[in-house]
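Accompanying notes for the structure given below.
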Amino acid sequence: MKKIIFSLVMILVLGIISACGADSQGEEASTNSDEGKPTITFGVAPWTTTVPPTKVAGLILEDMGYTVEETKADVGGVFTGLSRGDLDVFMDSWMPMHENYFEKYSDSIEDTAVSYPEAETGWVVPTYMEDINSISDIGGNEDIFDNKYYGIEEGASATKTSKELIKAYGLDMEHVASSEGGMLAQASRLMKQEEPVVFFGWRPHTMFNKYDLKVLEDDKGFFETSSVHVVTNNNLKDKAPEAYEFLSNWSIPIDDVEEMIVKIEEGADETEVAQEWIDNNQEKVNKMIGE
């Protein structure tokens with residue numbers, strides 16, 4: 001009887017020891033998982049140009065072991081989020097258009113890389129408006145446009161610049177602010193009827209693929225040829241040094257961005273389009289991540 005009791009006690013003791021060992025291993029595994037790479041949060045402005053670079057960079061970072069999140073906001077909200085550290089990266093900053101944000105948040109954000117140079121931007125009209133080739137040509141002809149210029153959202157730098165432009169050129173024009181989609185829907189409706197229309201345009205964008213457009217000459221220099229930059233919060237280099245190094249090496253051809261935008265607007269999945277670009281440009285990707 002004593003042997004039976006002793007055996008039962010030993011089994012109980014061994015069970016307790018085994019359970020403690022399992023708990024210890026579980027705690028160790030949990031600790032190890034907590035030591036993974038941090039989450040990288042991208043700011044996403046409501047523009048078609050923002051999507052391809054964000055998706056491509058996000059997929060590459062996920063392959064590097066990071067968790068990636070996206071937060072949608074207008075451009076003012078994106079820069080505010082970057083300055084507070086709520087956001088880590090913005091892939092679609094247009095310079096010099098966004099210089100005011102860099103001046104405002106110079107202590108907390110960094111111009112990290114040039115995504116692509118020579119992105120044309122400004123007021124555009126359809127090419128069938130043969131007599132309107134510059135913004136100055138609009139002066140005295142505002143009525144043919146129903147005294148309306150169509151722009152993007154109210155918080156965008158381009159909106160502020162366009163309002164200043166209207167004053168500087170002395171134009172009798174109302175600035176009609178809308179989303180990118182709303183602006184293009186109105187412009188498209190008028191162009192289908194070959195009516196006069198002037199609105200904000202930029203490249204890369206499918207508007208230049210879908211319509212025959214021309215960018216108006218701007219003698220006063222409100223809109224210059226832009227370059228598109230990657231912006232990061234200053235803490236990213238310490239928070240995620242490998243991610244920061246990759247983003248500092250980032251670049252992508254403007255033609256590739258435009259091609260991806262077209263595919264997405266035609267119904268292709270955003271992530272699949274981005275992965276296709278990665279698969280077709282692996283040598284460039286390896287160079288950006290330092291391999």
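The chains in the structure tokens are called A, B, ... from first to last as shown; in each chain the residues are counted from 1, and the ligands are counted from 1 in the order shown.
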
Give me the residues near Ser178 in chain A as a ChimeraX atom specification, where near means some atom within 12 Å (using only C-alpha atoms) and where sequence neighbours in that chain fewer than 5 positions away do not count. /A:46,74,149-156,158-159,183-187,199-200

Need the shell around Trp94 in chain A: protein/DNA/RNA residues with any atom at most 7 Å away, counting only C-alpha atoms. Skip same-chain ones fewer than 2 positions apart. Format as a list in words?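 Residues near the query, excluding close chain neighbours: Asp92, Pro96, Met97, His98, Ser226, Ser227, Val228 and His229 of chain A.
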
Determine, counting only C-alpha atoms, which protein, DNA and RNA residues have an atom within 9 Å of an atom of Pro126 in chain A; residues of the same chain fewer than 6 positions away are not included. Present the result as a PyMOL selection string. chain A and resi 191+194+196-198+211-215

Step one, run DSSP on the backbone; step two, keep only residues of range 88-216 of chain A assigned to strand (DSSP E); then write them as a ChimeraX atom specification. /A:89-95,109-119,121-126,148-151,174-177,199-202,213-215

Dump as an mmCIF file, in the first residue's frame, selection limited to C-alpha atoms:
data_model
loop_
_atom_site.group_PDB
_atom_site.id
_atom_site.type_symbol
_atom_site.label_atom_id
_atom_site.label_comp_id
_atom_site.auth_asym_id
_atom_site.auth_seq_id
_atom_site.Cartn_x
_atom_site.Cartn_y
_atom_site.Cartn_z
ATOM 1 C CA VAL A 89 5.579 57.202 -43.316
ATOM 2 C CA PHE A 90 3.950 59.154 -46.146
ATOM 3 C CA MET A 91 4.915 58.056 -49.667
ATOM 4 C CA ASP A 92 3.349 60.918 -51.654
ATOM 5 C CA SER A 93 4.616 64.340 -50.571
ATOM 6 C CA TRP A 94 4.727 66.814 -53.452
ATOM 7 C CA MET A 95 7.517 69.366 -53.394
ATOM 8 C CA ILE A 109 9.510 65.025 -39.714
ATOM 9 C CA GLU A 110 12.163 64.235 -42.292
ATOM 10 C CA ASP A 111 12.365 64.396 -46.085
ATOM 11 C CA THR A 112 13.698 60.859 -46.492
ATOM 12 C CA ALA A 113 13.853 60.103 -50.229
ATOM 13 C CA VAL A 114 12.756 61.226 -53.693
ATOM 14 C CA SER A 115 10.201 58.782 -55.035
ATOM 15 C CA TYR A 116 10.269 60.267 -58.546
ATOM 16 C CA PRO A 117 11.150 63.691 -60.016
ATOM 17 C CA GLU A 118 9.539 65.826 -62.711
ATOM 18 C CA ALA A 119 5.881 65.351 -61.854
ATOM 19 C CA THR A 121 1.193 69.781 -61.994
ATOM 20 C CA GLY A 122 -1.062 72.826 -62.436
ATOM 21 C CA TRP A 123 -4.301 74.090 -63.956
ATOM 22 C CA VAL A 124 -5.355 72.049 -66.981
ATOM 23 C CA VAL A 125 -7.855 72.410 -69.806
ATOM 24 C CA PRO A 126 -8.829 70.060 -72.664
ATOM 25 C CA LYS A 148 -15.652 78.244 -61.952
ATOM 26 C CA TYR A 149 -12.364 76.471 -61.391
ATOM 27 C CA TYR A 150 -12.579 72.900 -60.078
ATOM 28 C CA GLY A 151 -10.026 71.755 -57.516
ATOM 29 C CA GLU A 174 -14.977 80.697 -57.899
ATOM 30 C CA HIS A 175 -12.795 77.912 -56.510
ATOM 31 C CA VAL A 176 -14.983 74.810 -56.293
ATOM 32 C CA ALA A 177 -13.271 72.367 -53.901
ATOM 33 C CA PHE A 199 -9.412 72.101 -63.202
ATOM 34 C CA PHE A 200 -6.421 70.899 -61.224
ATOM 35 C CA GLY A 201 -4.274 68.258 -62.880
ATOM 36 C CA TRP A 202 -1.107 66.382 -62.125
ATOM 37 C CA LEU A 213 -5.284 67.686 -71.732
ATOM 38 C CA LYS A 214 -2.708 70.429 -71.547
ATOM 39 C CA VAL A 215 -1.191 72.076 -68.490
#

Using DSSP on the backbone, list every residue of range 2-193 of chain A that comes out as helix (DSSP H, G or I), and give them as a PyMOL selection string. chain A and resi 2-34+48-63+75-84+99-104+135-138+142-145+157-168+180-192

Between A:Glu270, A:Tyr244, A:Lys160, A:Thr54, which one has atoms that come closest to Gly76 in chain A, using only C-alpha atoms? A:Lys160
